[in-house]
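With mmCIF, C-alpha atoms and all ligand atoms inside, this is data_33.cif:
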data_data
#
loop_
_atom_site.label_atom_id
_atom_site.label_comp_id
_atom_site.auth_asym_id
_atom_site.auth_seq_id
_atom_site.Cartn_x
_atom_site.Cartn_y
_atom_site.Cartn_z
CA MET A 115 7.77 36.22 -66.11
CA THR A 116 4.31 36.72 -67.54
CA ASP A 117 1.34 35.18 -65.88
CA ARG A 118 -0.68 33.24 -68.40
CA PRO A 119 -2.82 35.62 -70.49
CA ALA A 120 -6.62 35.47 -70.09
CA PRO A 121 -8.22 33.39 -72.90
CA ASP A 122 -9.47 36.44 -74.85
CA ALA A 123 -6.10 38.16 -74.59
CA ALA A 124 -4.38 34.91 -75.58
CA ALA A 125 -6.44 34.61 -78.77
CA ALA A 126 -5.23 38.06 -79.80
CA LEU A 127 -1.59 37.01 -79.52
CA PRO A 128 0.47 35.63 -82.38
CA LYS A 129 -0.13 31.87 -82.49
CA LEU A 130 3.50 31.22 -81.50
CA PHE A 131 2.81 32.91 -78.18
CA GLN A 132 -0.58 31.43 -77.45
CA PRO A 133 -0.38 28.87 -74.64
CA ILE A 134 -0.84 25.23 -75.52
CA THR A 135 -2.46 22.71 -73.19
CA LEU A 136 -1.59 19.04 -73.51
CA ARG A 137 -3.53 16.92 -71.04
CA GLY A 138 -3.02 18.76 -67.73
CA VAL A 139 0.14 20.58 -68.78
CA THR A 140 0.03 24.11 -70.18
CA ALA A 141 3.07 25.64 -71.84
CA ARG A 142 3.10 29.44 -71.95
CA ASN A 143 3.87 29.41 -75.69
CA ARG A 144 4.58 27.04 -78.59
CA VAL A 145 8.33 27.49 -78.71
CA MET A 146 10.16 24.30 -77.78
CA VAL A 147 13.85 23.87 -77.12
CA SER A 148 14.64 20.71 -79.08
CA PRO A 149 16.70 18.01 -77.32
CA MET A 150 20.45 18.62 -77.56
CA CYS A 151 23.07 16.10 -76.36
CA GLN A 152 25.80 17.84 -74.39
CA TYR A 153 28.35 15.09 -73.63
CA HIS A 154 28.97 16.66 -70.25
CA SER A 155 27.40 14.10 -67.90
CA VAL A 156 29.30 12.17 -65.25
CA ASN A 157 28.10 8.58 -64.81
CA GLY A 158 24.93 9.67 -66.60
CA SER A 159 24.14 12.50 -64.18
CA PRO A 160 23.93 16.14 -65.23
CA THR A 161 26.59 18.56 -64.00
CA ASP A 162 27.04 22.31 -63.56
CA TRP A 163 27.39 22.48 -67.34
CA HIS A 164 23.76 21.42 -67.66
CA MET A 165 22.62 23.98 -65.10
CA MET A 166 24.37 26.65 -67.14
CA HIS A 167 23.19 25.34 -70.51
CA LEU A 168 19.56 24.73 -69.53
CA GLY A 169 19.59 27.74 -67.21
CA ARG A 170 20.39 30.17 -70.00
CA LEU A 171 17.68 28.58 -72.14
CA ALA A 172 15.16 28.59 -69.28
CA VAL A 173 15.46 32.34 -68.77
CA GLY A 174 14.99 33.00 -72.50
CA GLY A 175 11.23 32.52 -72.63
CA ALA A 176 10.62 29.17 -74.38
CA GLY A 177 7.45 27.30 -73.45
CA ILE A 178 8.82 23.74 -73.44
CA LEU A 179 12.42 22.99 -72.56
CA PHE A 180 13.97 19.64 -73.43
CA GLY A 181 17.39 18.65 -72.15
CA GLU A 182 18.92 15.86 -74.15
CA GLU A 183 18.51 12.23 -75.11
CA THR A 184 18.81 10.44 -71.77
CA ALA A 185 19.77 6.77 -71.79
CA VAL A 186 17.51 4.31 -70.05
CA GLU A 187 20.41 2.00 -69.27
CA ALA A 188 24.17 2.52 -69.03
CA ARG A 189 24.96 0.45 -72.13
CA GLY A 190 22.38 2.49 -74.05
CA ARG A 191 24.66 5.57 -74.05
CA LYS A 192 26.71 6.51 -77.10
CA THR A 193 29.58 7.96 -75.07
CA HIS A 194 30.85 7.79 -71.50
CA GLU A 195 29.65 11.40 -71.15
CA CYS A 196 26.04 10.89 -72.32
CA ALA A 197 23.12 11.56 -70.00
CA GLY A 198 21.31 8.67 -68.34
CA LEU A 199 18.55 7.90 -65.88
CA TRP A 200 19.06 4.26 -65.02
CA ASP A 201 19.57 4.62 -61.29
CA ASP A 202 17.46 6.24 -58.57
CA ALA A 203 20.61 7.97 -57.29
CA GLN A 204 20.55 10.09 -60.47
CA ILE A 205 17.10 11.55 -59.72
CA PRO A 206 18.17 14.45 -57.44
CA HIS A 207 20.64 15.70 -60.07
CA TYR A 208 17.78 16.07 -62.56
CA ALA A 209 15.36 17.43 -59.93
CA ARG A 210 17.71 20.38 -59.43
CA LEU A 211 17.32 21.22 -63.14
CA THR A 212 13.55 20.78 -63.33
CA GLU A 213 13.03 22.97 -60.30
CA PHE A 214 15.00 25.82 -61.85
CA ILE A 215 13.33 25.42 -65.27
CA ARG A 216 9.86 25.49 -63.69
CA GLN A 217 10.75 28.54 -61.59
CA GLN A 218 11.52 30.37 -64.85
CA GLY A 219 8.08 29.54 -66.28
CA ALA A 220 9.06 26.85 -68.80
CA VAL A 221 7.80 23.26 -68.83
CA PRO A 222 10.64 20.81 -68.06
CA ALA A 223 10.76 17.99 -70.61
CA ILE A 224 12.94 14.90 -70.96
CA GLN A 225 13.74 12.69 -73.92
CA ILE A 226 14.52 9.07 -73.07
CA GLY A 227 16.22 6.67 -75.41
CA HIS A 228 18.69 3.91 -76.08
CA CYS A 229 21.43 4.22 -78.67
CA GLY A 230 21.59 0.48 -79.49
CA ARG A 231 24.42 -0.23 -81.92
CA LYS A 232 25.74 3.35 -81.75
CA ALA A 233 27.31 2.57 -78.33
CA GLY A 234 30.96 3.20 -77.57
CA CYS A 235 31.99 6.32 -79.42
CA HIS A 236 33.29 9.83 -78.88
CA GLY A 237 30.97 12.84 -78.79
CA ALA A 238 30.05 15.33 -81.50
CA VAL A 239 33.31 17.30 -81.59
CA LYS A 240 35.14 14.09 -82.59
CA ASP A 241 32.43 13.24 -85.09
CA TRP A 242 31.22 10.28 -83.01
CA ALA A 243 34.35 8.28 -83.90
CA PRO A 244 34.40 4.81 -82.33
CA LEU A 245 36.36 4.38 -79.11
CA THR A 246 39.61 2.44 -79.56
CA GLU A 247 42.21 0.57 -77.52
CA ALA A 248 43.99 3.90 -76.98
CA ASP A 249 40.82 5.29 -75.36
CA ALA A 250 40.57 2.12 -73.27
CA ALA A 251 44.11 2.71 -72.02
CA GLU A 252 42.95 6.14 -70.85
CA GLY A 253 40.05 4.66 -68.91
CA ARG A 254 37.37 5.03 -71.57
CA PRO A 255 36.90 1.57 -73.03
CA PRO A 256 34.42 0.85 -75.81
CA TRP A 257 31.56 -1.49 -74.98
CA GLN A 258 29.20 -3.69 -76.94
CA GLY A 259 25.85 -2.19 -77.85
CA LEU A 260 22.57 -3.97 -78.46
CA ALA A 261 20.71 -4.13 -81.76
CA PRO A 262 17.99 -6.01 -83.59
CA SER A 263 20.68 -7.66 -85.77
CA PRO A 264 24.47 -7.91 -85.26
CA ILE A 265 25.38 -5.31 -87.88
CA PRO A 266 28.02 -2.75 -86.77
CA TYR A 267 27.11 0.92 -87.06
CA GLY A 268 30.20 1.65 -89.09
CA PRO A 269 33.90 0.86 -89.54
CA GLY A 270 35.65 0.52 -86.17
CA PHE A 271 32.41 -0.05 -84.25
CA MET A 272 31.98 -3.28 -82.33
CA ALA A 273 29.38 -5.67 -83.73
CA PRO A 274 26.36 -5.22 -81.46
CA LYS A 275 24.73 -8.08 -79.58
CA GLU A 276 21.66 -9.35 -81.41
CA MET A 277 18.92 -8.91 -78.83
CA ASP A 278 17.13 -12.01 -77.58
CA THR A 279 13.70 -11.85 -75.99
CA ASP A 280 15.21 -11.37 -72.51
CA ASP A 281 17.15 -8.34 -73.79
CA ILE A 282 13.95 -6.98 -75.31
CA ARG A 283 12.06 -7.38 -71.99
CA GLU A 284 14.95 -5.68 -70.16
CA VAL A 285 14.95 -2.72 -72.53
CA ILE A 286 11.17 -2.26 -72.26
CA ASP A 287 11.48 -2.45 -68.46
CA ALA A 288 14.35 0.06 -68.55
CA PHE A 289 12.21 2.55 -70.50
CA GLY A 290 9.44 2.12 -67.93
CA GLU A 291 11.81 2.57 -64.99
CA ALA A 292 13.44 5.64 -66.55
CA ALA A 293 9.98 7.14 -67.06
CA ARG A 294 9.15 6.51 -63.40
CA ARG A 295 12.39 8.24 -62.35
CA ALA A 296 11.61 11.15 -64.68
CA VAL A 297 8.28 11.63 -62.86
CA ASP A 298 10.14 11.68 -59.55
CA ALA A 299 12.65 14.16 -60.97
CA GLY A 300 9.80 16.57 -61.77
CA TYR A 301 9.43 16.37 -65.53
CA ASP A 302 6.05 17.28 -67.05
CA ILE A 303 6.66 16.01 -70.60
CA ILE A 304 8.44 12.86 -71.73
CA ASP A 305 9.55 12.07 -75.27
CA VAL A 306 10.45 8.58 -76.47
CA HIS A 307 13.38 8.81 -78.90
CA GLY A 308 12.44 6.65 -81.87
CA ALA A 309 14.49 8.63 -84.41
CA HIS A 310 18.04 9.27 -85.64
CA GLY A 311 19.22 5.68 -85.93
CA TYR A 312 18.85 4.93 -82.23
CA LEU A 313 17.76 1.49 -81.01
CA LEU A 314 14.01 1.92 -81.61
CA HIS A 315 14.69 3.28 -85.10
CA GLN A 316 17.11 0.38 -85.68
CA PHE A 317 14.14 -1.93 -85.12
CA LEU A 318 11.93 0.07 -87.51
CA SER A 319 14.33 0.04 -90.43
CA PRO A 320 14.86 -3.06 -92.58
CA ILE A 321 18.44 -1.83 -93.10
CA THR A 322 19.26 -2.65 -89.48
CA ASN A 323 16.52 -5.13 -88.61
CA ARG A 324 16.99 -8.51 -90.29
CA ARG A 325 15.15 -10.48 -87.64
CA THR A 326 12.82 -13.29 -88.48
CA ASP A 327 10.98 -13.38 -85.13
CA GLY A 328 7.98 -11.27 -84.04
CA TYR A 329 10.15 -8.14 -83.68
CA GLY A 330 11.28 -8.13 -87.32
CA GLY A 331 10.07 -9.03 -90.78
CA ASP A 332 7.15 -6.96 -91.98
CA ARG A 333 6.42 -3.39 -90.92
CA ALA A 334 4.16 -4.48 -88.06
CA GLY A 335 6.94 -6.68 -86.65
CA ARG A 336 9.53 -3.93 -86.98
CA MET A 337 7.25 -1.39 -85.29
CA ARG A 338 6.52 -3.73 -82.39
CA LEU A 339 9.35 -2.74 -80.03
CA LEU A 340 8.69 1.00 -80.36
CA LEU A 341 5.00 0.41 -79.76
CA GLU A 342 5.61 -1.80 -76.73
CA VAL A 343 8.00 0.77 -75.31
CA THR A 344 5.51 3.60 -75.79
CA GLU A 345 2.73 1.49 -74.23
CA ARG A 346 4.94 0.95 -71.18
CA VAL A 347 5.92 4.61 -70.93
CA ARG A 348 2.31 5.72 -71.35
CA ALA A 349 1.27 3.30 -68.56
CA VAL A 350 3.92 4.66 -66.18
CA TRP A 351 3.61 8.33 -67.09
CA PRO A 352 0.89 10.23 -65.17
CA LYS A 353 -2.46 10.46 -66.95
CA ASP A 354 -2.43 14.25 -66.70
CA ARG A 355 0.93 14.63 -68.50
CA PRO A 356 1.66 14.22 -72.21
CA VAL A 357 3.91 11.70 -73.96
CA PHE A 358 5.69 12.73 -77.16
CA VAL A 359 7.35 10.34 -79.61
CA ARG A 360 10.09 11.52 -81.95
CA PHE A 361 10.63 9.46 -85.07
CA SER A 362 12.46 9.76 -88.37
CA VAL A 363 9.75 10.24 -90.95
CA VAL A 364 12.16 9.22 -93.71
CA ASP A 365 15.53 7.53 -93.41
CA GLY A 366 17.31 9.89 -95.77
CA LYS A 367 20.42 8.30 -97.18
CA GLY A 368 19.61 5.03 -95.41
CA GLY A 369 16.42 4.84 -97.43
CA VAL A 370 13.72 2.20 -97.26
CA TRP A 371 11.65 3.66 -94.39
CA GLY A 372 9.43 6.31 -95.96
CA LEU A 373 6.40 8.50 -95.44
CA GLU A 374 3.88 5.66 -95.92
CA ASP A 375 5.60 3.71 -93.13
CA SER A 376 5.57 6.78 -90.92
CA LEU A 377 1.86 7.36 -91.52
CA ALA A 378 1.20 3.79 -90.34
CA LEU A 379 3.43 4.29 -87.32
CA ALA A 380 1.75 7.59 -86.47
CA GLN A 381 -1.66 5.93 -86.54
CA ALA A 382 -0.44 3.11 -84.28
CA LEU A 383 0.99 5.67 -81.84
CA LYS A 384 -2.32 7.52 -81.81
CA GLU A 385 -4.08 4.28 -80.93
CA ARG A 386 -1.72 4.00 -77.96
CA ASP A 387 -2.73 7.37 -76.56
CA ILE A 388 0.45 9.19 -77.52
CA ASP A 389 -0.20 12.91 -77.37
CA VAL A 390 2.29 14.58 -79.69
CA LEU A 391 4.30 13.37 -82.68
CA ASP A 392 7.72 14.97 -83.02
CA ILE A 393 8.72 14.76 -86.65
CA SER A 394 12.40 14.37 -87.53
CA SER A 395 14.39 12.35 -90.06
CA GLY A 396 17.50 10.31 -90.84
CA GLY A 397 20.17 8.67 -88.74
CA ILE A 398 20.21 5.06 -89.90
CA GLY A 399 23.07 5.57 -92.32
CA GLY A 400 23.89 3.45 -95.34
CA GLU A 401 23.55 4.07 -99.02
CA THR A 402 20.47 3.98 -101.20
CA ASP A 403 19.16 6.10 -104.01
CA MET A 404 16.67 7.83 -101.67
CA PRO A 405 17.68 11.50 -101.67
CA ALA A 406 19.00 13.11 -98.53
CA LEU A 407 16.49 15.59 -97.13
CA PRO A 408 17.50 19.08 -98.34
CA ARG A 409 18.19 21.28 -95.30
CA THR A 410 15.97 24.17 -96.34
CA PRO A 411 14.28 26.30 -93.64
CA GLY A 412 11.54 24.19 -92.03
CA TYR A 413 12.58 21.05 -93.88
CA HIS A 414 10.39 18.70 -91.83
CA VAL A 415 7.28 20.88 -92.09
CA PRO A 416 5.77 19.19 -95.20
CA PHE A 417 6.04 15.83 -93.40
CA ALA A 418 4.70 17.17 -90.10
CA GLU A 419 1.75 18.66 -91.99
CA ARG A 420 0.94 15.34 -93.67
CA ILE A 421 1.10 13.41 -90.41
CA ARG A 422 -0.97 16.02 -88.59
CA ALA A 423 -3.67 15.90 -91.29
CA ALA A 424 -3.75 12.09 -91.33
CA THR A 425 -3.88 11.54 -87.56
CA GLY A 426 -5.39 14.74 -86.18
CA LEU A 427 -2.67 14.66 -83.51
CA PRO A 428 -0.60 17.71 -82.59
CA VAL A 429 2.83 17.64 -84.21
CA VAL A 430 6.19 19.30 -83.59
CA ALA A 431 8.05 20.80 -86.54
CA VAL A 432 11.83 21.12 -86.27
CA GLY A 433 14.69 21.89 -88.64
CA MET A 434 16.26 25.19 -89.63
CA ILE A 435 13.45 27.34 -88.25
CA THR A 436 15.11 30.55 -87.16
CA ASP A 437 12.82 33.40 -88.25
CA PRO A 438 9.89 34.21 -85.92
CA ARG A 439 7.66 35.09 -88.89
CA HIS A 440 8.37 31.74 -90.49
CA ALA A 441 7.55 29.97 -87.20
CA GLU A 442 4.33 31.95 -86.91
CA ASP A 443 3.36 31.18 -90.51
CA ILE A 444 3.80 27.42 -89.93
CA LEU A 445 1.39 27.58 -86.98
CA VAL A 446 -1.14 29.92 -88.56
CA ARG A 447 -1.36 27.69 -91.63
CA GLU A 448 -1.93 24.75 -89.27
CA ARG A 449 1.05 22.86 -90.59
CA ALA A 450 2.28 22.12 -87.05
CA ASP A 451 1.35 22.87 -83.45
CA ILE A 452 4.71 23.38 -81.77
CA ILE A 453 7.92 24.86 -83.18
CA ALA A 454 11.12 23.18 -82.00
CA ILE A 455 14.49 24.85 -82.38
CA ALA A 456 17.95 23.53 -81.55
CA ARG A 457 20.97 25.28 -83.09
CA GLU A 458 19.44 28.75 -83.17
CA PHE A 459 19.02 28.44 -79.41
CA ILE A 460 22.74 27.75 -79.05
CA TRP A 461 23.37 30.96 -80.94
CA ASN A 462 20.66 32.97 -79.23
CA ALA A 463 19.41 31.47 -75.97
CA ASP A 464 16.82 34.26 -75.67
CA TRP A 465 15.32 33.55 -79.10
CA ALA A 466 11.80 33.16 -77.69
CA ALA A 467 11.78 36.54 -75.94
CA HIS A 468 13.30 38.19 -79.00
CA ALA A 469 10.73 36.50 -81.25
CA ALA A 470 7.92 37.74 -79.01
CA LYS A 471 9.20 41.28 -79.36
CA ALA A 472 9.62 40.93 -83.14
CA LEU A 473 6.02 39.69 -83.42
CA GLY A 474 4.72 42.58 -81.30
CA VAL A 475 3.69 40.57 -78.24
CA PRO A 476 2.82 43.05 -75.48
CA GLY A 477 5.11 42.68 -72.49
CA ALA A 478 7.60 40.51 -74.39
CA ASN A 479 10.31 41.40 -71.87
CA ARG A 480 8.21 39.62 -69.25
CA LEU A 481 9.18 36.29 -70.77
CA MET A 482 12.47 36.89 -69.00
CA PRO A 483 13.06 36.89 -65.23
CA GLU A 484 11.80 39.91 -63.30
CA GLU A 485 15.34 41.22 -62.71
CA TYR A 486 15.94 41.37 -66.46
CA ALA A 487 12.44 42.37 -67.55
CA HIS A 488 12.32 45.35 -65.21
CA ARG A 489 15.50 46.81 -66.68
CA LEU A 490 14.48 46.06 -70.25
CA ASP A 491 11.12 47.77 -69.67
CA LEU A 492 12.98 50.85 -68.46
CA ARG A 493 15.19 50.81 -71.54
CA ASP A 494 12.11 50.49 -73.76
CA ARG A 495 10.56 53.53 -72.06
CA GLN A 496 13.75 55.53 -72.53
CA GLN A 497 13.86 54.57 -76.17
CA ALA A 498 10.18 55.49 -76.62
CA MET A 499 10.87 58.93 -75.13
CA GLY A 500 13.49 59.50 -77.80
CA PHE A 501 16.01 60.32 -75.12
CA ASN A 502 18.61 58.13 -76.68
CA ARG A 503 18.40 59.70 -80.13
CA PRO A 504 21.06 62.26 -81.10
CA GLY A 505 19.51 65.70 -81.62
CA PRO A 506 19.69 69.28 -80.34
CA GLU A 507 18.26 68.37 -76.91
CA SER A 508 20.72 65.59 -76.23
CA ALA A 509 23.60 67.69 -77.66
CA ALA A 510 22.71 70.50 -75.23
CA ALA A 511 22.55 68.06 -72.30
CA PHE A 512 25.93 66.56 -73.20
CA ALA A 513 27.44 70.03 -73.56
CA VAL A 514 26.34 70.98 -70.01
CA LEU A 515 27.50 67.72 -68.50
CA LEU A 516 30.86 67.86 -70.28
CA GLY A 517 31.39 71.44 -69.10
CA GLU A 518 31.37 72.64 -72.69
CA ALA A 519 28.13 74.62 -72.57
CA GLY A 520 29.76 77.93 -71.50
CA ALA A 521 32.54 77.62 -74.05
CA ALA A 522 30.00 76.95 -76.76
CA ALA A 523 27.95 80.00 -75.70
CA ALA A 524 31.13 82.25 -75.60
CA GLN A 525 32.09 81.34 -79.17
C1 LIG B 1 24.04 19.93 -80.24
C2 LIG B 1 22.90 19.11 -80.73
C3 LIG B 1 22.54 17.96 -80.04
C4 LIG B 1 21.41 17.22 -80.44
N1 LIG B 1 20.99 16.18 -79.67
C5 LIG B 1 19.79 15.60 -79.93
C6 LIG B 1 19.22 14.69 -79.01
O1 LIG B 1 19.74 14.44 -77.93
N2 LIG B 1 18.03 14.12 -79.36
C7 LIG B 1 17.38 14.42 -80.53
O2 LIG B 1 16.31 13.89 -80.79
N3 LIG B 1 17.90 15.31 -81.39
C8 LIG B 1 19.06 15.92 -81.11
N4 LIG B 1 19.55 16.88 -81.95
C9 LIG B 1 18.73 17.30 -83.10
C10 LIG B 1 17.91 18.54 -82.74
O3 LIG B 1 17.01 18.28 -81.69
C11 LIG B 1 17.13 19.09 -83.96
O4 LIG B 1 16.17 18.15 -84.32
C12 LIG B 1 18.04 19.39 -85.15
O5 LIG B 1 19.24 20.03 -84.76
C13 LIG B 1 17.33 20.27 -86.19
O6 LIG B 1 16.91 21.48 -85.59
P1 LIG B 1 17.71 22.88 -85.80
O7 LIG B 1 17.84 23.11 -87.28
O8 LIG B 1 16.83 23.90 -85.12
O9 LIG B 1 19.04 22.75 -85.14
C14 LIG B 1 20.68 17.60 -81.59
C15 LIG B 1 21.10 18.72 -82.32
C16 LIG B 1 22.17 19.48 -81.89
C17 LIG B 1 22.56 20.69 -82.67
#

For this file, write the structure as structure tokens.
Ligand SMILES: Cc1cc2nc3c(=O)[nH]c(=O)nc-3n(C[C@H](O)[C@H](O)[C@H](O)COP(=O)(O)O)c2cc1C
Amino acid sequence: MTDRPAPDAAAALPKLFQPITLRGVTARNRVMVSPMCQYHSVNGSPTDWHMMHLGRLAVGGAGILFGEETAVEARGRKTHECAGLWDDAQIPHYARLTEFIRQQGAVPAIQIGHCGRKAGCHGAVKDWAPLTEADAAEGRPPWQGLAPSPIPYGPGFMAPKEMDTDDIREVIDAFGEAARRAVDAGYDIIDVHGAHGYLLHQFLSPITNRRTDGYGGDRAGRMRLLLEVTERVRAVWPKDRPVFVRFSVVDGKGGVWGLEDSLALAQALKERDIDVLDISSGGIGGETDMPALPRTPGYHVPFAERIRAATGLPVVAVGMITDPRHAEDILVRERADIIAIAREFIWNADWAAHAAKALGVPGANRLMPEEYAHRLDLRDRQQAMGFNRPGPESAAAFAVLLGEAGAAAAQ
């Protein structure tokens, strides 16, 4: 792994590979592995699957490495296999991961959340279908989620419990406690999941929040729970480590929550000392005439850029960013500060190291562990010498080694 470049040397690097310092945490570059649910946890704790999954990403050179949305309480999971951090006994299982990630030079990061009314379903490969009596018979019963209003997520989902003020206090406490455990587990960055139709987003959106008390009604009321949660997390999280918040800048098909609302939310988050805004979209569901966000490369970038300009806060851009030159262009044009990637990392876990090479970063191999980098350096030298290229010299060498040189000379 590369030691951090000296400041002058760093300024000469492509922006994507310049370190970024957030409070007391420095990431070696601006490539972030975006959170990705795995549905491979047991009682909320990570397993060998996670060591493999995060391990292959950790050795690939990214600066910031998120695991997945991690539930702050057991009923805040979508599936029985979702990650969670609601019990101190879970801490050592996460500490094993953060230790390995840090050893590889990446910054370990955790996203905490609560799925609210999305509770009690299957994972992604079964399209998040609701759990049924048949699943219950096999030991995987559905359970009742929580929500601002008792509106089911979709057909077959249980109506969620409409949260009373005790439930709200409990959820805020659970976020705080999960943040405390994340510190003990060794995470340097925490992200509060306020996007994708999860509980905090359910409070933001008038589609799902029909409350008439202080946690509903106008935009300020609907933002209140997310803001109280982030205040709590910021208070628990060490002063020298950054807090990110991910939110859906527009609802997409669900409609109603739009850019103006997000600009107000972003400002309120800034006032609460949040360090980075992680710009995503969608997840509430429902039908309106608001268009779905077209999935073009970098589809959140125009929104990230607007929020960055309005707040002056660093922002993360995510969504179909796969080309290193595109990522670099987004940063150089100051449209975002960090580039997050999810699916391309599934396809190519070493994307960051490959991107560094494509952008001409000296010593790009050194983003990988020493055992790999050493061998890749040797291969680079061999390639530079032209040894590997077919030509008269290599043909002559092959002829000798294959015992064909004499025969060729005799002909
Ligand atoms: C397998 C998978 C799991 C995901 N899980 C989460 C999650 O836990 N939390 C979250 O905020 N986003 C999650 N997402 C969304 C990604 O973080 C990312 O925002 C989205 O996939 C767009 O980026 P991409 O085009 O680079 O994949 C997930 C995406 C994938 C593909």

Residues within 12 Å of Gly331 in chain A, all atoms listed in the file, excluding chain neighbours under 4 positions, as a count of residues only: 17

Expected selection as a list in words for ligand LIG 1 (chain B) within 7 Å, all atoms listed in the file: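 Answer in the requested format: Ser148, Pro149, Met150, Cys151, Gln152, Glu182, Glu183, His307, Ala309, His310, Arg360, Ser394, Val432, Gly433, Met434, Ile435, Ala454, Ile455, Ala456, Arg457 and Glu458 of chain A.
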
8 Å contact set for range 120-132 of chain A, all atoms listed in the file, chain neighbours under 2 positions out, as a VMD selection string: chain A and resid 118 134 142 to 145 441 to 442 445 to 446 452 to 453 470 473 475

For the residues in the current selection, export C-alpha atoms as a CSV table (one decimal), in the frame of the given file.
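File produced: out-v3.csv:
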chain,number,residue,atom,x,y,z
A,118,ARG,CA,-0.7,33.2,-68.4
A,134,ILE,CA,-0.8,25.2,-75.5
A,142,ARG,CA,3.1,29.4,-72.0
A,143,ASN,CA,3.9,29.4,-75.7
A,144,ARG,CA,4.6,27.0,-78.6
A,145,VAL,CA,8.3,27.5,-78.7
A,441,ALA,CA,7.6,30.0,-87.2
A,442,GLU,CA,4.3,32.0,-86.9
A,445,LEU,CA,1.4,27.6,-87.0
A,446,VAL,CA,-1.1,29.9,-88.6
A,452,ILE,CA,4.7,23.4,-81.8
A,453,ILE,CA,7.9,24.9,-83.2
A,470,ALA,CA,7.9,37.7,-79.0
A,473,LEU,CA,6.0,39.7,-83.4
A,475,VAL,CA,3.7,40.6,-78.2

One-decimal distance in Å that lies between CA of Glu345 in chain A and CA of Arg386 in chain A: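 According to the coordinates, CA of Arg386 in chain A and CA of Glu345 in chain A are separated by 6.3 Å.
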
Interatomic distance, CA of Ala469 in chain A to CA of Ile388 in chain A (Å, one decimal): 29.4 Å

Atomic separation - CA of Thr193 in chain A relative to CA of Cys235 in chain A, Å: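 Here the two named atoms are 5.2 Å from each other.
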
Distance criterion (only C-alpha atoms): nearest to Arg333 in chain A out of A:Leu379, A:Ala487, A:Val357, A:Leu313: A:Leu379

Nearest to His154 in chain A, chosen from A:Gly270, A:Gly290, A:Gly237, A:Pro222, with all atoms listed in the file counted in the distances: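 That would be A:Gly237, the residue with the smallest distance to His154 in chain A.
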
Surrounding residues of His207 in chain A excluding itself and chain neighbours under 2 positions, 9 Å, all atoms listed in the file, as a PyMOL selection string: chain A and resi 159-161+203-205+209-211+299

May I have the residues from that selection written out with C-alpha atoms, as an mmCIF file, in the coordinates of the input?
data_model
loop_
_atom_site.group_PDB
_atom_site.id
_atom_site.type_symbol
_atom_site.label_atom_id
_atom_site.label_comp_id
_atom_site.auth_asym_id
_atom_site.auth_seq_id
_atom_site.Cartn_x
_atom_site.Cartn_y
_atom_site.Cartn_z
ATOM 1 C CA SER A 159 24.140 12.500 -64.180
ATOM 2 C CA PRO A 160 23.930 16.140 -65.230
ATOM 3 C CA THR A 161 26.590 18.560 -64.000
ATOM 4 C CA ALA A 203 20.610 7.970 -57.290
ATOM 5 C CA GLN A 204 20.550 10.090 -60.470
ATOM 6 C CA ILE A 205 17.100 11.550 -59.720
ATOM 7 C CA ALA A 209 15.360 17.430 -59.930
ATOM 8 C CA ARG A 210 17.710 20.380 -59.430
ATOM 9 C CA LEU A 211 17.320 21.220 -63.140
ATOM 10 C CA ALA A 299 12.650 14.160 -60.970
#

Would you compute, for all listed atoms of range 302-309 of chain A, the axis-aligned bounding box grown by 5 Å on each side, and then report its centre and edge lengths in Å rounded to one decimal, as JSON?
{"center_x": 10.3, "center_y": 12.0, "center_z": -75.7, "size_x": 18.4, "size_y": 20.6, "size_z": 27.4}

Selected residue of minimal separation from Val156 in chain A among A:Asp278, A:Glu187, A:Glu195, A:Asp389, counting only C-alpha atoms: A:Glu195

Surrounding residues of Arg294 in chain A excluding itself and chain neighbours under 6 positions, 12 Å, only C-alpha atoms, as a PyMOL selection string: chain A and resi 186+199-202+205+224+226+287-288+300-302+304+346-352

Nearest to Gly268 in chain A by atom-to-atom distance, counting all atoms listed in the file, from A:Val364, A:Ala141, A:Ile398, A:Ile215: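 Closest residue, counting all atoms listed in the file: A:Ile398.
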